[in-house]
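Raw coords_27.cif, mmCIF, C-alpha atoms:
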```cif
data_data
loop_
_atom_site.label_atom_id
_atom_site.label_comp_id
_atom_site.auth_asym_id
_atom_site.auth_seq_id
_atom_site.Cartn_x
_atom_site.Cartn_y
_atom_site.Cartn_z
CA MET G 292 93.45 116.95 95.94
CA ARG G 293 94.30 116.91 92.25
CA SER G 294 92.30 114.62 90.00
CA PHE G 295 93.43 111.06 89.36
CA SER G 296 92.00 107.86 88.01
CA TYR G 297 91.14 104.89 90.19
CA SER G 298 91.14 101.13 89.82
CA ARG G 299 90.52 98.23 92.17
CA PRO G 300 92.09 95.16 90.53
CA ASP G 301 90.94 91.66 91.48
CA THR G 302 94.27 90.03 90.68
CA LEU G 303 97.87 90.71 91.64
CA SER G 304 98.98 90.57 88.03
CA ASP G 305 96.50 93.27 87.06
CA ALA G 306 97.67 95.46 89.95
CA LEU G 307 101.34 94.97 89.02
CA ASP G 308 100.63 95.68 85.34
CA ARG G 309 98.90 98.92 86.16
CA LEU G 310 101.81 100.05 88.33
CA ALA G 311 104.35 98.96 85.69
CA ASN G 312 102.57 100.71 82.84
CA ASP G 313 102.31 104.09 84.51
CA PRO G 314 105.25 105.39 86.57
CA GLU G 315 102.98 108.02 88.12
CA ALA G 316 100.47 105.43 89.41
CA ARG G 317 100.60 104.62 93.12
CA PRO G 318 99.30 101.64 95.08
CA LEU G 319 96.63 102.50 97.67
CA ALA G 320 96.61 100.34 100.80
CA GLY G 321 94.83 101.87 103.82
CA GLY G 322 95.42 105.41 102.62
CA MET G 323 96.12 106.72 106.12
CA THR G 324 99.21 108.59 104.93
CA LEU G 325 98.76 108.72 101.16
CA LEU G 326 95.34 110.41 101.18
CA PRO G 327 96.35 113.20 103.61
CA THR G 328 99.52 113.68 101.53
CA MET G 329 97.40 114.02 98.38
CA LYS G 330 95.10 116.52 100.10
CA GLN G 331 98.14 118.69 100.74
CA ARG G 332 99.20 118.14 97.12
CA LEU G 333 102.52 116.75 98.31
CA ALA G 334 101.67 113.74 96.14
CA SER G 335 99.66 113.87 92.91
CA PRO G 336 99.53 110.39 91.43
CA SER G 337 97.95 109.88 88.03
CA GLU G 338 96.18 106.74 89.19
CA LEU G 339 95.48 105.03 92.49
CA VAL G 340 95.61 101.25 92.26
CA ASP G 341 93.48 100.21 95.24
CA LEU G 342 94.82 96.93 96.64
CA SER G 343 91.76 96.23 98.80
CA GLY G 344 90.36 93.82 96.21
CA LEU G 345 93.32 91.48 96.73
CA THR G 346 91.88 89.56 99.65
CA LEU G 347 94.82 87.12 99.61
CA LEU G 348 97.05 89.90 100.96
CA ARG G 349 94.97 90.16 104.14
CA ASP G 350 95.73 86.66 105.43
CA ILE G 351 97.59 86.09 108.69
CA GLU G 352 98.80 82.53 109.23
CA GLU G 353 101.46 80.36 110.82
CA VAL G 354 103.44 78.33 108.28
CA ASP G 355 106.36 76.07 109.25
CA GLY G 356 107.25 77.99 112.39
CA GLU G 357 106.84 81.38 110.76
CA ILE G 358 104.13 83.97 111.17
CA VAL G 359 103.16 85.24 107.73
CA ILE G 360 101.22 88.49 107.67
CA GLY G 361 99.76 89.78 104.42
CA ALA G 362 100.69 93.32 103.43
CA MET G 363 97.02 94.39 103.46
CA ALA G 364 96.37 93.12 106.99
CA THR G 365 95.06 96.09 108.97
CA HIS G 366 96.56 97.10 112.30
CA ALA G 367 93.25 96.07 113.88
CA SER G 368 93.42 92.60 112.34
CA VAL G 369 97.03 92.10 113.50
CA ALA G 370 96.08 93.29 117.00
CA THR G 371 93.19 90.83 117.25
CA SER G 372 94.68 87.90 115.30
CA PRO G 373 94.73 84.73 117.48
CA VAL G 374 97.86 83.61 115.59
CA VAL G 375 99.77 86.80 116.41
CA GLN G 376 98.40 87.00 119.95
CA ARG G 377 99.65 83.49 120.68
CA ALA G 378 103.05 83.59 118.97
CA LEU G 379 104.06 87.24 119.28
CA PRO G 380 101.75 88.94 121.80
CA GLY G 381 104.05 91.97 121.89
CA LEU G 382 103.45 92.52 118.17
CA ALA G 383 99.67 92.30 118.65
CA GLY G 384 100.06 94.92 121.40
CA LEU G 385 102.14 97.13 119.11
CA ALA G 386 99.49 96.98 116.38
CA GLY G 387 96.76 97.76 118.92
CA GLY G 388 98.65 100.87 120.00
CA ILE G 389 99.00 102.47 116.56
CA GLY G 390 97.06 105.70 116.10
CA ASP G 391 93.43 105.26 117.09
CA VAL G 392 90.74 102.68 116.37
CA GLN G 393 89.59 104.40 113.17
CA VAL G 394 93.16 104.45 111.82
CA ARG G 395 93.76 100.84 112.89
CA ASN G 396 90.67 99.75 110.97
CA ARG G 397 92.12 101.15 107.72
CA GLY G 398 95.92 101.32 108.03
CA THR G 399 97.94 98.30 106.94
CA LEU G 400 101.25 96.62 107.74
CA GLY G 401 102.45 96.90 104.13
CA GLY G 402 101.46 100.55 103.87
CA SER G 403 103.29 101.40 107.08
CA LEU G 404 106.49 99.63 105.98
CA ALA G 405 106.43 101.06 102.45
CA ASN G 406 106.03 104.56 103.87
CA ASN G 407 108.73 104.05 106.54
CA ASP G 408 107.72 107.05 108.59
CA PRO G 409 110.53 107.76 111.08
CA ALA G 410 108.01 107.66 113.94
CA ALA G 411 106.01 104.62 112.82
CA ASP G 412 105.97 101.53 115.06
CA TYR G 413 106.30 98.65 112.58
CA PRO G 414 109.78 99.55 111.22
CA ALA G 415 111.31 99.02 114.68
CA ALA G 416 109.38 95.75 115.06
CA VAL G 417 110.56 94.23 111.77
CA LEU G 418 114.17 95.14 112.60
CA ALA G 419 113.98 93.59 116.07
CA LEU G 420 112.24 90.49 114.73
CA ASP G 421 114.70 90.07 111.83
CA ALA G 422 111.67 89.93 109.56
CA THR G 423 111.68 89.16 105.86
CA VAL G 424 109.73 91.50 103.60
CA VAL G 425 108.44 89.54 100.62
CA THR G 426 107.69 91.53 97.47
CA ASP G 427 106.50 90.51 94.03
CA ARG G 428 110.13 90.08 92.96
CA ARG G 429 112.34 89.24 95.98
CA ASP G 430 112.76 88.57 99.67
CA LEU G 431 114.37 91.39 101.64
CA LEU G 432 115.58 91.31 105.22
CA ALA G 433 114.30 94.24 107.26
CA ASP G 434 117.89 95.48 107.67
CA THR G 435 118.13 95.80 103.88
CA PHE G 436 114.55 96.89 103.26
CA LEU G 437 114.57 100.00 105.47
CA ARG G 438 116.79 102.80 104.22
CA GLY G 439 116.07 105.65 106.64
CA LEU G 440 113.67 108.62 106.53
CA PHE G 441 110.75 107.58 104.28
CA GLU G 442 113.15 105.50 102.15
CA THR G 443 112.98 101.77 101.45
CA ALA G 444 114.59 99.36 98.99
CA LEU G 445 111.31 99.16 97.04
CA GLU G 446 111.74 99.88 93.34
CA PRO G 447 109.10 101.67 91.25
CA GLY G 448 106.08 99.41 90.83
CA GLU G 449 107.32 96.87 93.38
CA LEU G 450 104.66 95.68 95.82
CA ILE G 451 105.03 94.19 99.28
CA PHE G 452 103.13 90.90 99.42
CA GLN G 453 103.75 89.79 102.98
CA VAL G 454 106.03 89.91 105.97
CA ARG G 455 107.48 86.71 107.44
CA LEU G 456 108.51 86.49 111.08
CA ARG G 457 110.01 83.56 112.97
CA ALA G 458 107.46 82.56 115.58
CA ALA G 459 109.87 81.17 118.19
CA GLN G 460 111.20 84.35 119.66
CA ALA G 461 110.42 86.67 122.51
CA PHE G 462 109.37 90.15 121.50
CA ALA G 463 108.42 93.30 123.34
CA TYR G 464 107.81 96.90 122.36
CA SER G 465 107.79 99.91 124.58
CA LYS G 466 106.89 103.33 123.31
CA PHE G 467 106.41 106.81 124.60
CA ARG G 468 103.47 108.08 122.60
CA HIS G 469 103.18 111.64 121.50
CA PRO G 470 100.10 112.66 123.49
CA VAL G 471 98.33 114.14 120.44
CA SER G 472 99.33 112.11 117.41
CA GLY G 473 100.01 108.77 119.09
CA TYR G 474 103.20 108.48 117.06
CA ALA G 475 106.30 107.32 118.91
CA MET G 476 108.44 110.08 120.43
CA ALA G 477 110.67 107.11 121.08
CA GLY G 478 109.76 103.45 120.72
CA VAL G 479 112.06 100.51 121.34
CA ALA G 480 111.43 97.01 120.00
CA VAL G 481 113.34 94.05 121.41
CA GLY G 482 113.59 90.56 119.97
CA LEU G 483 115.29 87.60 121.62
CA ASP G 484 115.87 84.11 120.22
CA GLN G 485 118.63 81.50 120.08
CA ASP G 486 120.73 83.83 117.92
CA GLY G 487 120.65 86.54 120.56
CA TRP G 488 119.21 90.01 121.04
CA ARG G 489 118.02 92.51 118.50
CA VAL G 490 117.11 96.00 119.68
CA ALA G 491 115.65 98.68 117.39
CA VAL G 492 114.53 102.27 117.96
CA THR G 493 111.87 104.30 116.18
CA GLY G 494 110.64 107.87 116.60
CA ALA G 495 113.93 109.23 117.86
CA GLY G 496 116.13 109.30 114.77
CA PRO G 497 115.76 109.87 111.02
CA GLY G 498 114.34 106.38 110.51
CA ALA G 499 114.29 103.25 112.65
CA PHE G 500 117.74 101.95 113.58
CA ARG G 501 119.27 99.06 115.49
CA MET G 502 121.46 99.53 118.56
CA ILE G 503 124.13 96.90 117.85
CA ASP G 504 126.17 97.96 120.86
CA VAL G 505 123.23 97.44 123.22
CA GLU G 506 122.51 94.05 121.61
CA ARG G 507 126.12 93.03 122.28
CA GLN G 508 125.99 94.14 125.93
CA LEU G 509 122.76 92.21 126.50
CA GLY G 510 124.34 89.16 124.89
CA VAL G 511 127.06 89.25 127.54
CA ASP G 512 124.79 89.89 130.50
CA SER G 513 121.04 90.55 130.73
CA SER G 514 120.73 90.47 134.51
CA PRO G 515 118.68 93.28 136.11
CA GLU G 516 121.95 94.94 137.20
CA ALA G 517 123.33 94.77 133.67
CA ILE G 518 120.13 96.24 132.23
CA ASP G 519 120.45 99.15 134.65
CA ALA G 520 124.09 99.58 133.64
CA LEU G 521 123.55 99.49 129.83
CA THR G 522 125.49 102.17 127.99
CA PHE G 523 124.11 103.79 124.84
CA ASP G 524 126.17 104.98 121.92
CA LEU G 525 123.37 106.79 120.09
CA PRO G 526 123.50 108.39 116.64
CA GLU G 527 122.35 111.96 116.20
CA LEU G 528 118.71 112.09 117.30
CA ILE G 529 115.89 114.37 116.18
CA SER G 530 115.41 117.71 117.89
CA ASP G 531 112.13 119.45 117.11
CA PHE G 532 109.35 121.37 118.84
CA HIS G 533 108.03 118.13 120.35
CA ALA G 534 111.24 117.17 122.12
CA SER G 535 114.97 117.88 122.18
CA ALA G 536 117.53 115.27 121.15
CA GLU G 537 118.62 114.97 124.80
CA TYR G 538 115.04 114.28 125.89
CA ARG G 539 114.63 111.66 123.18
CA ALA G 540 117.94 110.05 124.19
CA ASN G 541 116.61 109.67 127.71
CA LEU G 542 113.34 108.21 126.39
CA VAL G 543 115.35 105.68 124.36
CA ARG G 544 117.24 104.59 127.48
CA VAL G 545 114.04 104.24 129.52
CA MET G 546 112.04 102.51 126.77
CA THR G 547 114.93 100.10 126.09
CA ARG G 548 115.07 98.97 129.71
CA ARG G 549 111.31 98.50 129.82
CA ALA G 550 111.24 96.54 126.56
CA VAL G 551 114.19 94.33 127.57
CA VAL G 552 112.52 93.46 130.88
CA ALA G 553 109.24 92.69 129.07
CA ALA G 554 111.04 90.54 126.46
CA LEU G 555 112.81 88.56 129.19
CA ARG G 556 109.46 87.96 130.90
CA CYS G 557 108.04 86.81 127.55
CA HIS G 558 111.12 84.62 126.94
CA SER G 559 110.79 82.82 130.28
CA GLY G 560 107.13 82.18 129.46
CA HIS G 561 108.03 80.34 126.24
CA MET W 289 86.69 116.40 81.73
CA GLU W 290 87.40 114.45 84.91
CA GLU W 291 86.51 110.79 84.70
CA ARG W 292 83.51 109.70 86.74
CA TYR W 293 82.88 106.31 88.26
CA THR W 294 79.65 104.55 89.10
CA LEU W 295 79.56 104.07 92.86
CA SER W 296 77.09 101.56 94.27
CA LEU W 297 76.92 101.11 98.00
CA THR W 298 74.51 100.75 100.88
CA VAL W 299 73.97 103.77 103.11
CA ASN W 300 71.88 103.35 106.25
CA GLY W 301 70.27 100.26 104.76
CA SER W 302 69.33 101.84 101.39
CA GLU W 303 71.11 100.99 98.18
CA LYS W 304 72.52 104.02 96.40
CA THR W 305 74.11 104.41 92.98
CA GLU W 306 75.76 107.71 92.06
CA ALA W 307 78.42 108.95 89.65
CA VAL W 308 81.48 110.30 91.47
CA SER W 309 84.96 111.42 90.57
CA ALA W 310 87.74 109.47 92.22
CA ARG W 311 88.89 112.32 94.43
CA VAL W 312 85.56 112.84 96.22
CA LEU W 313 85.97 112.01 99.90
CA LEU W 314 83.42 109.73 101.52
CA VAL W 315 82.42 112.49 103.97
CA ASP W 316 81.74 114.93 101.14
CA PHE W 317 79.76 112.31 99.24
CA LEU W 318 77.62 111.66 102.31
CA ARG W 319 77.04 115.35 103.03
CA ASP W 320 76.88 116.96 99.60
CA THR W 321 75.51 114.20 97.36
CA LEU W 322 73.27 112.36 99.80
CA GLY W 323 72.47 115.32 102.08
CA LEU W 324 73.41 113.39 105.21
CA THR W 325 74.87 116.34 107.09
CA GLY W 326 75.00 114.63 110.49
CA THR W 327 78.53 113.47 109.65
CA HIS W 328 80.75 116.48 110.31
CA VAL W 329 84.01 117.73 108.84
CA GLY W 330 86.10 118.93 111.76
CA CYS W 331 89.80 118.85 110.95
CA ASP W 332 89.90 117.11 107.56
CA THR W 333 93.23 115.59 108.67
CA THR W 334 92.22 112.27 110.34
CA GLN W 335 92.64 113.65 113.82
CA CYS W 336 89.34 114.84 115.28
CA GLY W 337 86.97 111.98 114.45
CA ALA W 338 83.91 114.21 113.84
CA CYS W 339 83.48 112.45 110.47
CA SER W 340 83.40 108.92 111.98
CA VAL W 341 81.01 106.50 110.28
CA HIS W 342 80.80 102.72 110.12
CA CYS W 343 82.07 100.87 107.06
CA ASP W 344 80.90 97.25 107.15
CA GLY W 345 80.45 97.68 110.90
CA GLU W 346 83.91 99.11 111.60
CA VAL W 347 84.38 102.72 112.61
CA VAL W 348 86.42 104.77 110.12
CA LYS W 349 87.14 108.44 109.51
CA SER W 350 85.24 109.36 106.36
CA CYS W 351 87.50 112.34 105.63
CA THR W 352 90.35 109.92 104.96
CA MET W 353 88.56 107.53 102.70
CA LEU W 354 87.54 108.09 99.11
CA ALA W 355 83.87 107.62 98.32
CA ILE W 356 84.87 105.15 95.62
CA GLN W 357 86.66 103.02 98.25
CA ALA W 358 83.21 102.35 99.68
CA GLN W 359 82.22 100.55 96.46
CA GLY W 360 80.02 97.59 97.43
CA ARG W 361 80.30 98.36 101.13
CA SER W 362 77.70 99.16 103.76
CA ILE W 363 78.02 102.59 105.39
CA THR W 364 76.14 103.62 108.51
CA THR W 365 76.02 107.28 109.53
CA ILE W 366 74.57 108.90 112.64
CA GLU W 367 71.26 109.25 110.78
CA GLY W 368 71.11 105.47 110.34
CA LEU W 369 71.94 104.48 113.90
CA ASP W 370 68.33 104.65 115.06
CA PRO W 371 65.31 105.80 113.04
CA ASP W 372 63.99 107.89 115.94
CA GLY W 373 67.30 109.23 117.19
CA ALA W 374 66.69 107.21 120.33
CA HIS W 375 69.64 104.84 120.32
CA PRO W 376 70.71 104.14 123.93
CA LEU W 377 73.85 106.21 123.27
CA GLN W 378 71.82 109.15 122.00
CA VAL W 379 69.51 108.97 125.02
CA ALA W 380 72.47 108.71 127.39
CA PHE W 381 74.31 111.64 125.77
CA ARG W 382 71.23 113.82 126.40
CA GLU W 383 70.78 112.62 129.97
CA GLU W 384 74.43 112.96 130.92
CA HIS W 385 74.90 116.35 129.21
CA ALA W 386 77.65 114.76 127.14
CA LEU W 387 77.65 117.60 124.62
CA GLN W 388 77.83 121.35 124.61
CA CYS W 389 78.32 122.62 121.07
CA GLY W 390 77.55 119.15 119.72
CA PHE W 391 79.96 119.28 116.80
CA CYS W 392 81.92 116.20 117.85
CA THR W 393 78.85 114.28 119.03
CA PRO W 394 77.97 112.28 115.89
CA GLY W 395 81.54 111.01 115.69
CA MET W 396 81.66 110.24 119.41
CA VAL W 397 78.39 108.30 119.18
CA MET W 398 79.54 106.33 116.12
CA ALA W 399 82.88 105.44 117.75
CA ALA W 400 81.11 104.37 120.94
CA ALA W 401 78.54 102.37 118.97
CA ALA W 402 81.37 100.48 117.25
CA LEU W 403 82.83 99.64 120.65
CA MET W 404 79.46 98.36 121.87
CA GLY W 405 79.18 96.27 118.72
CA SER W 406 82.59 94.63 119.09
CA ASN W 407 83.13 94.28 122.85
CA PRO W 408 80.57 92.31 124.86
CA SER W 409 81.30 94.07 128.16
CA PRO W 410 83.48 97.17 127.82
CA GLY W 411 84.77 98.90 130.95
CA GLU W 412 85.81 102.50 131.44
CA ALA W 413 89.36 101.89 130.14
CA ASP W 414 87.91 100.29 126.99
CA VAL W 415 85.64 103.30 126.48
CA ARG W 416 88.53 105.75 126.83
CA HIS W 417 90.66 103.66 124.43
CA ALA W 418 87.83 103.47 121.88
CA LEU W 419 87.32 107.25 121.92
CA GLU W 420 91.01 108.09 121.55
CA GLY W 421 90.45 109.11 117.92
CA ASN W 422 87.68 111.58 118.75
CA LEU W 423 88.34 115.10 120.02
CA CYS W 424 85.92 117.25 122.02
CA ARG W 425 86.79 120.87 122.76
CA CYS W 426 83.89 121.58 125.17
CA THR W 427 83.12 118.89 127.69
CA GLY W 428 86.45 117.76 129.05
CA TYR W 429 85.33 114.22 128.10
CA GLN W 430 84.07 113.12 131.54
CA PRO W 431 80.34 113.41 130.70
CA ILE W 432 80.98 111.62 127.40
CA ILE W 433 82.61 108.69 129.18
CA ALA W 434 79.74 108.69 131.71
CA ALA W 435 77.17 108.66 128.89
CA VAL W 436 78.80 105.74 127.08
CA LEU W 437 79.06 103.75 130.31
CA SER W 438 75.41 104.55 131.03
CA ALA W 439 74.38 103.34 127.56
CA ILE W 440 76.38 100.15 128.10
CA ARG W 441 74.58 99.54 131.40
CA ARG W 442 71.22 100.35 129.81
CA THR W 443 71.69 97.75 127.10
CA GLY W 444 72.70 95.16 129.69
CA GLN W 445 76.27 94.83 128.46
#
```
Take the structure in the file and give it back as structure tokens.
Amino acid sequence: MRSFSYSRPDTLSDALDRLANDPEARPLAGGMTLLPTMKQRLASPSELVDLSGLTLLRDIEEVDGEIVIGAMATHASVATSPVVQRALPGLAGLAGGIGDVQVRNRGTLGGSLANNDPAADYPAAVLALDATVVTDRRDLLADTFLRGLFETALEPGELIFQVRLRAAQAFAYSKFRHPVSGYAMAGVAVGLDQDGWRVAVTGAGPGAFRMIDVERQLGVDSSPEAIDALTFDLPELISDFHASAEYRANLVRVMTRRAVVAALRCHSGH
Amino acid sequence: MEERYTLSLTVNGSEKTEAVSARVLLVDFLRDTLGLTGTHVGCDTTQCGACSVHCDGEVVKSCTMLAIQAQGRSITTIEGLDPDGAHPLQVAFREEHALQCGFCTPGMVMAAAALMGSNPSPGEADVRHALEGNLCRCTGYQPIIAAVLSAIRRTGQ
């Protein structure tokens, strides 16, 4: 790791100033990706602005029918939050299935979204839940925020404050974990509310993506027979030494059916 | 000259203040500065869990945390778990032959101790889930699971 300077601001304005004043400074959330990247010298920031002093960003609350999760909420705190467990139990389950307990105690929602790893779980969830990513300067819908392989709409120095999710929707996530890393070989997140279905895939392509065609088919008919008969018009999927594109395509089909069935069960329970 | 920061934290109940550079990892601070070599560096890539310690009671991998991130926090290492090395987990690991080379053991014990601290009555599935971030290349895990379950029984959980 190359040398860098370090700060832990107590206020958001101080954190934003530090990031604005030095284009080579980087915000540090849980560090679960940034620190390993720095060890490999794939990133060499001049300064790390540690956001852990901004306790406000750790809050998880329900406000006017929305679940608002602070960017610095750890995966462990989302998994065990009574608010999330009650309103979106599938999201609590997703958070509890990220990595391992040590990673969940450090890694954060904001860090995961800002990194937008193509195999991370949260990007699929925010797409399926039609979430709003709130930054220091604007509100971005997940569809606009995520831009594919490690890319987001975030501008230099822009910080995610929180993520807002409508509480009144059914949600389920089904993933096939890589047996070593725990990352999704294919994960499918499904959201269902009065506006219809939203279905998003992670782990299988170069960034999380929605399956609009599957959403449309489910909108017409979501009976067990129709779920079995879903057709998939998939983009080009990843082929690597973990799995071929064909294998991932099959995982997407299987995980979609499982997640849809789980979301329907959740929906009927509402 | 690399900038140094004054780091004040609690380690195994004792307050410590040391000057560190920002890039020093918590595990290296514990081992090299404080001489607490029970915390091991296995993979240095957040995978093996041999470097697991508790930070304010939560288990974390100290190879993927900067020492300076522990500013003001309370760290517990394997040396601080029990003054006599006779924590129920340590006793159970000996009895159940839950180690061969022993390299992963401090991390396994710290991860299991965190489970026992957060779950009032963990079952076998909970134990397996809690140890998912810790790799052992010798035992095949079964004796480790048996030892943790034995320690849980012993403490009346």
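Interatomic distance, CA of Ala536 in chain G against CA of Tyr413 in chain G: 21.8 Å.
Atom to atom, CA of Gly368 in chain W and CA of Gly444 in chain W stand 22.0 Å apart.
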Polymer residues at most 12 Å from (75.3, 102.4, 131.2) by only C-alpha atoms, as a PyMOL selection string
chain W and resi 376-381+383-384+400+404+409-412+415+432-445
Would you kindly translate the PyMOL selection byres ((chain W) within 10 of (chain G)) into the concrete residues it picks from this file, as a compact mmCIF listing (two decimals) with C-alpha atoms, in the frame of the given file?
```txt
# COMPACT_ATOMS: atom_id res chain seq x y z
CA GLU W 290 87.40 114.45 84.91
CA GLU W 291 86.51 110.79 84.70
CA ARG W 292 83.51 109.70 86.74
CA TYR W 293 82.88 106.31 88.26
CA SER W 309 84.96 111.42 90.57
CA ALA W 310 87.74 109.47 92.22
CA ARG W 311 88.89 112.32 94.43
CA VAL W 312 85.56 112.84 96.22
CA LEU W 313 85.97 112.01 99.90
CA ASP W 332 89.90 117.11 107.56
CA THR W 333 93.23 115.59 108.67
CA THR W 334 92.22 112.27 110.34
CA GLN W 335 92.64 113.65 113.82
CA GLY W 337 86.97 111.98 114.45
CA SER W 340 83.40 108.92 111.98
CA VAL W 341 81.01 106.50 110.28
CA HIS W 342 80.80 102.72 110.12
CA CYS W 343 82.07 100.87 107.06
CA GLU W 346 83.91 99.11 111.60
CA VAL W 347 84.38 102.72 112.61
CA VAL W 348 86.42 104.77 110.12
CA LYS W 349 87.14 108.44 109.51
CA SER W 350 85.24 109.36 106.36
CA CYS W 351 87.50 112.34 105.63
CA THR W 352 90.35 109.92 104.96
CA MET W 353 88.56 107.53 102.70
CA LEU W 354 87.54 108.09 99.11
CA ILE W 356 84.87 105.15 95.62
CA GLN W 357 86.66 103.02 98.25
CA GLN W 359 82.22 100.55 96.46
CA ALA W 399 82.88 105.44 117.75
CA ALA W 402 81.37 100.48 117.25
CA LEU W 403 82.83 99.64 120.65
CA HIS W 417 90.66 103.66 124.43
CA ALA W 418 87.83 103.47 121.88
CA LEU W 419 87.32 107.25 121.92
CA GLU W 420 91.01 108.09 121.55
CA GLY W 421 90.45 109.11 117.92
CA ASN W 422 87.68 111.58 118.75
```
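Between CA of Glu442 in chain G and CA of Gly401 in chain G lies a distance of 13.9 Å.
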Just say which residues the PyMOL selection byres ((chain G and resi 511-513) around 12) picks in this file, as a list in words.
Leu483, Gly487, Trp488, Asp504, Val505, Glu506, Arg507, Gln508, Leu509, Gly510, Ser514, Pro515, Glu516, Ala517, Ile518, Asp519, Ala520, Leu521, Arg548, Val551, Val552, Ala554, Leu555 and Arg556 of chain G
Listed atoms of range 348-359 of chain G boxed axis-aligned with 3 Å per side, centre + edges as JSON:
```
{"center_x": 101.1, "center_y": 83.1, "center_z": 106.7, "size_x": 18.3, "size_y": 20.1, "size_z": 17.4}
```
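For the file shown, the residue list from the PyMOL selection byres ((chain G and resi 378) around 9) reads Glu353, Ile358, Pro373, Val374, Val375, Gln376, Arg377, Leu379, Pro380, Gly381, Leu382, Ala458, Ala459, Gln460 and Ala461 of chain G.
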